[in-house]
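Peer 1: I am sharing entry04.cif, which consists of mmCIF, C-alpha atoms:
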```
data_model
loop_
_atom_site.label_atom_id
_atom_site.label_comp_id
_atom_site.auth_asym_id
_atom_site.auth_seq_id
_atom_site.Cartn_x
_atom_site.Cartn_y
_atom_site.Cartn_z
CA MET W 1 0.00 0.00 0.00
CA LYS W 2 1.03 3.56 -0.64
CA GLU W 3 0.64 6.54 1.66
CA PHE W 4 -1.29 9.64 0.68
CA MET W 5 -1.83 13.00 2.30
CA MET W 6 -5.27 14.52 2.26
CA ILE W 7 -4.82 18.28 2.71
CA PHE W 8 -7.88 20.19 3.92
CA ILE W 9 -8.40 23.64 2.44
CA GLY W 10 -11.15 26.04 3.39
CA ALA W 11 -12.27 28.91 5.56
CA ASP W 12 -11.27 29.33 9.19
CA TYR W 13 -14.22 28.32 11.38
CA ALA W 14 -13.86 31.52 13.43
CA ALA W 15 -14.17 33.61 10.26
CA LEU W 16 -17.42 31.81 9.39
CA GLY W 17 -19.03 32.92 12.65
CA LEU W 18 -20.19 29.44 13.63
CA SER W 19 -21.99 29.20 16.97
CA PRO W 20 -20.52 27.03 19.76
CA GLU W 21 -23.22 24.44 19.01
CA GLU W 22 -22.36 24.44 15.31
CA LEU W 23 -18.65 24.06 16.14
CA GLN W 24 -19.42 21.15 18.46
CA GLY W 25 -21.51 19.46 15.76
CA ARG W 26 -18.77 19.98 13.19
CA MET W 27 -16.15 18.49 15.53
CA GLY W 28 -18.42 15.49 16.04
CA LYS W 29 -18.42 14.92 12.27
CA TRP W 30 -14.60 15.13 12.19
CA PHE W 31 -14.25 12.66 15.09
CA ALA W 32 -16.70 10.25 13.45
CA TRP W 33 -14.80 10.40 10.16
CA GLY W 34 -11.47 9.78 11.91
CA GLU W 35 -12.93 6.85 13.85
CA LYS W 36 -14.32 5.36 10.63
CA MET W 37 -10.88 5.52 9.01
CA GLU W 38 -9.25 4.00 12.10
CA LYS W 39 -11.71 1.08 12.04
CA GLU W 40 -10.96 0.56 8.34
CA GLY W 41 -7.23 0.57 9.12
CA VAL W 42 -6.35 3.34 6.67
CA LEU W 43 -5.63 6.30 8.96
CA ARG W 44 -1.90 6.77 9.61
CA GLY W 45 -1.99 10.17 11.31
CA GLY W 46 -2.90 13.78 10.92
CA ASN W 47 -3.46 17.07 12.66
CA ALA W 48 -5.43 20.27 12.55
CA LEU W 49 -3.42 23.45 12.02
CA GLU W 50 -3.71 26.80 13.77
CA PRO W 51 -4.96 29.58 11.45
CA ASP W 52 -1.99 31.95 11.80
CA VAL W 53 0.56 31.68 8.98
CA ARG W 54 4.21 32.72 8.72
CA ARG W 55 5.76 32.56 5.28
CA ILE W 56 9.43 32.84 4.41
CA SER W 57 10.07 33.37 0.72
CA GLY W 58 12.63 34.29 -1.90
CA GLN W 59 16.36 34.68 -1.87
CA GLU W 60 16.03 37.52 0.63
CA ARG W 61 14.12 35.21 3.00
CA THR W 62 11.29 37.72 3.34
CA VAL W 63 9.16 36.91 6.39
CA THR W 64 5.43 37.64 6.29
CA ASP W 65 3.04 36.99 9.17
CA MET W 66 -0.58 36.63 8.09
CA ALA W 67 -3.86 36.09 9.85
CA SER W 68 -6.22 33.56 8.29
CA ALA W 69 -8.33 36.40 6.85
CA GLU W 70 -5.39 37.43 4.64
CA VAL W 71 -4.87 33.96 3.15
CA LYS W 72 -7.07 33.03 0.19
CA GLU W 73 -6.84 29.29 0.81
CA LEU W 74 -6.23 28.27 4.40
CA ILE W 75 -4.79 24.80 4.96
CA GLY W 76 -6.68 23.73 8.05
CA GLY W 77 -5.09 20.33 8.51
CA TYR W 78 -4.22 17.00 6.98
CA TYR W 79 -4.58 13.25 7.31
CA LEU W 80 -2.13 10.60 6.19
CA VAL W 81 -3.90 7.53 4.84
CA ALA W 82 -2.90 4.20 3.35
CA ALA W 83 -4.43 3.20 0.02
CA ASN W 84 -3.54 1.50 -3.22
CA ASN W 85 -4.29 4.49 -5.47
CA PHE W 86 -5.89 7.91 -5.83
CA ASP W 87 -9.33 6.41 -6.49
CA GLU W 88 -9.34 4.73 -3.06
CA VAL W 89 -8.35 7.98 -1.35
CA GLU W 90 -11.02 9.85 -3.30
CA LYS W 91 -13.56 7.40 -1.90
CA ILE W 92 -12.25 8.00 1.65
CA ALA W 93 -12.48 11.76 1.07
CA GLN W 94 -16.19 11.60 0.29
CA ASP W 95 -16.91 11.87 4.04
CA PHE W 96 -14.89 15.11 4.45
CA PRO W 97 -17.02 17.15 6.88
CA ASP W 98 -16.47 20.57 5.30
CA PHE W 99 -17.69 20.08 1.74
CA ASP W 100 -20.90 21.86 2.80
CA LEU W 101 -18.79 24.90 3.79
CA GLY W 102 -17.07 25.03 0.40
CA GLY W 103 -14.04 23.09 1.64
CA THR W 104 -11.61 21.21 -0.56
CA VAL W 105 -9.59 18.03 -0.13
CA GLU W 106 -6.31 17.95 -2.03
CA ILE W 107 -4.85 14.45 -2.40
CA ARG W 108 -1.10 14.00 -2.74
CA GLU W 109 0.85 10.75 -2.86
CA ILE W 110 3.80 10.56 -0.46
CA MET W 111 7.02 10.30 -2.44
CA VAL W 112 9.24 7.40 -1.47
CA PHE W 113 12.97 7.69 -2.10
CA ASP W 114 15.20 4.71 -2.74
CA ARG W 115 18.20 4.56 -0.42
#
```
Go ahead and render the structure in this file as structure tokens.
Peer 2:
Amino acid sequence: MKEFMMIFIGADYAALGLSPEELQGRMGKWFAWGEKMEKEGVLRGGNALEPDVRRISGQERTVTDMASAEVKELIGGYYLVAANNFDEVEKIAQDFPDFDLGGTVEIREIMVFDR
């Protein structure tokens, strides 16, 4: 089996103005999805990411601190999953809790280097 990263892109929950009840319900969907993947034996790890961003870019190593409101596409987190191919990961991604908020799942295969 190969490993893939599912990268979650979308709006910061705080910026959406979700109520505490809505946030709790959304977290329940995330926990249920994670538990489903654990039971299926495909989840290898993952984390949510804080919304603040620091970028270092260019030869001058320019440092830019940005709040989530300044970033067009916020990467909110990721999961590592085991699967045979992209189609299997696409099937796993169908339960992504934030599609209804306009969220996106980007699927990337983990590159393995020969030693």
Peer 1: With the PyMOL selection byres ((chain W and resi 42-48) around 7) as the selection, what would be picked from this file? Answer as a PDB file with C-alpha atoms, in the coordinates of the input, please.
Peer 2:
```
ATOM      1  CA  MET W  37     -10.880   5.520   9.010  1.00  0.00           C
ATOM      2  CA  GLU W  38      -9.250   4.000  12.100  1.00  0.00           C
ATOM      3  CA  GLU W  40     -10.960   0.560   8.340  1.00  0.00           C
ATOM      4  CA  GLY W  41      -7.230   0.570   9.120  1.00  0.00           C
ATOM      5  CA  LEU W  49      -3.420  23.450  12.020  1.00  0.00           C
ATOM      6  CA  GLU W  50      -3.710  26.800  13.770  1.00  0.00           C
ATOM      7  CA  GLY W  76      -6.680  23.730   8.050  1.00  0.00           C
ATOM      8  CA  GLY W  77      -5.090  20.330   8.510  1.00  0.00           C
ATOM      9  CA  TYR W  78      -4.220  17.000   6.980  1.00  0.00           C
ATOM     10  CA  TYR W  79      -4.580  13.250   7.310  1.00  0.00           C
ATOM     11  CA  LEU W  80      -2.130  10.600   6.190  1.00  0.00           C
ATOM     12  CA  VAL W  81      -3.900   7.530   4.840  1.00  0.00           C
ATOM     13  CA  ALA W  82      -2.900   4.200   3.350  1.00  0.00           C
ATOM     14  CA  ALA W  83      -4.430   3.200   0.020  1.00  0.00           C
TER      15      ALA W  83
END
```
Peer 1: Would you compute the distance between atom CA of W:Ala11 and atom CA of W:Ala32? Give it in Å to one decimal.
Peer 2: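 That distance, rounded to one decimal, is 20.7 Å.
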Peer 1: Would you kindly return, as a PyMOL selection string, each protein, DNA or RNA residue with an atom no farther than 10 Å from any atom of W:Gly102, considering all atoms listed in the file and excluding same-chain residues fewer than 4 positions away?
Peer 2: chain W and resi 9-11+98
Peer 1: Which residue, W:Met5, W:Asp95, W:Ile56, W:Arg108, has the smallest gap to W:Phe31 when you use only C-alpha atoms?
Peer 2: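 Answer, going by the shortest atom-to-atom distance: W:Asp95.
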Peer 1: Here is a test: counting all atoms listed in the file, which residue of W:Asp114, W:Glu73, W:Glu90, W:Asp52 is nearest to W:Phe8?
Peer 2: W:Glu73
Peer 1: Could you check which of W:Lys2, W:Lys39, W:Lys29, W:Arg55 is closest to W:Phe96, using all atoms listed in the file?
Peer 2: W:Lys29
Peer 1: For a cut-off of 10 Å around (8.0, 34.6, 12.0), file coordinates, pick out all residues using all atoms listed in the file and list them as a list in words.
Peer 2: Val53, Arg54, Arg55, Ile56, Thr62, Val63, Thr64, Asp65 and Met66 of chain W
Peer 1: May I have the residues from that selection written out with C-alpha atoms, as a PDB file, in the coordinates of the input?
Peer 2:
```pdb
ATOM      1  CA  VAL W  53       0.560  31.680   8.980  1.00  0.00           C
ATOM      2  CA  ARG W  54       4.210  32.720   8.720  1.00  0.00           C
ATOM      3  CA  ARG W  55       5.760  32.560   5.280  1.00  0.00           C
ATOM      4  CA  ILE W  56       9.430  32.840   4.410  1.00  0.00           C
ATOM      5  CA  THR W  62      11.290  37.720   3.340  1.00  0.00           C
ATOM      6  CA  VAL W  63       9.160  36.910   6.390  1.00  0.00           C
ATOM      7  CA  THR W  64       5.430  37.640   6.290  1.00  0.00           C
ATOM      8  CA  ASP W  65       3.040  36.990   9.170  1.00  0.00           C
ATOM      9  CA  MET W  66      -0.580  36.630   8.090  1.00  0.00           C
TER      10      MET W  66
END
```
Peer 1: Provide the atom CA of W:Phe86 to atom CA of W:Gly28 distance in Å, to one decimal place.
Peer 2: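 Separating atom CA of W:Phe86 from atom CA of W:Gly28 is a distance of 26.3 Å.
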Peer 1: Could you please determine the separation between atom CA of W:Ala93 and atom CA of W:Gly25 in Å, to one decimal place?
Peer 2: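 Value for the atom CA of W:Ala93-atom CA of W:Gly25 distance: 18.9 Å.
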Peer 1: Would you place a box with edges along x, y and z of the file around all atoms of stretch 16-20 of chain W listed there, add 6 Å to each of its six sides, and report the centre and edge lengths in Å to one decimal, as JSON?
Peer 2:
```
{"center_x": -19.7, "center_y": 30.0, "center_z": 14.6, "size_x": 16.6, "size_y": 17.9, "size_z": 22.4}
```
Peer 1: So, counting only C-alpha atoms, which residue among W:Arg26, W:Asp87, W:Ile75, W:Ala15 is closest to W:Asp100?
Peer 2: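 Result for the nearest residue to W:Asp100: W:Arg26.
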Peer 1: So which one's closest to W:Ile107, W:Ile92, W:Met1, W:Leu16, W:Ala67? Using all atoms listed in the file, please.
Peer 2: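 Residue with the minimum atom-to-atom distance to W:Ile107: W:Ile92.
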Peer 1: Please work out which residues fall within 8 Å of (-15.7, 23.7, 10.8), coordinates as given in the file, with all atoms listed in the file counting, and return them as a PyMOL selection string.
Peer 2: chain W and resi 12-13+18+23+26-27+97-98+101
Peer 1: Selected residues, C-alpha atoms, written as an mmCIF file, in the coordinates of the input, please.
Peer 2:
```
data_model
loop_
_atom_site.group_PDB
_atom_site.id
_atom_site.type_symbol
_atom_site.label_atom_id
_atom_site.label_comp_id
_atom_site.auth_asym_id
_atom_site.auth_seq_id
_atom_site.Cartn_x
_atom_site.Cartn_y
_atom_site.Cartn_z
ATOM 1 C CA ASP W 12 -11.270 29.330 9.190
ATOM 2 C CA TYR W 13 -14.220 28.320 11.380
ATOM 3 C CA LEU W 18 -20.190 29.440 13.630
ATOM 4 C CA LEU W 23 -18.650 24.060 16.140
ATOM 5 C CA ARG W 26 -18.770 19.980 13.190
ATOM 6 C CA MET W 27 -16.150 18.490 15.530
ATOM 7 C CA PRO W 97 -17.020 17.150 6.880
ATOM 8 C CA ASP W 98 -16.470 20.570 5.300
ATOM 9 C CA LEU W 101 -18.790 24.900 3.790
#
```
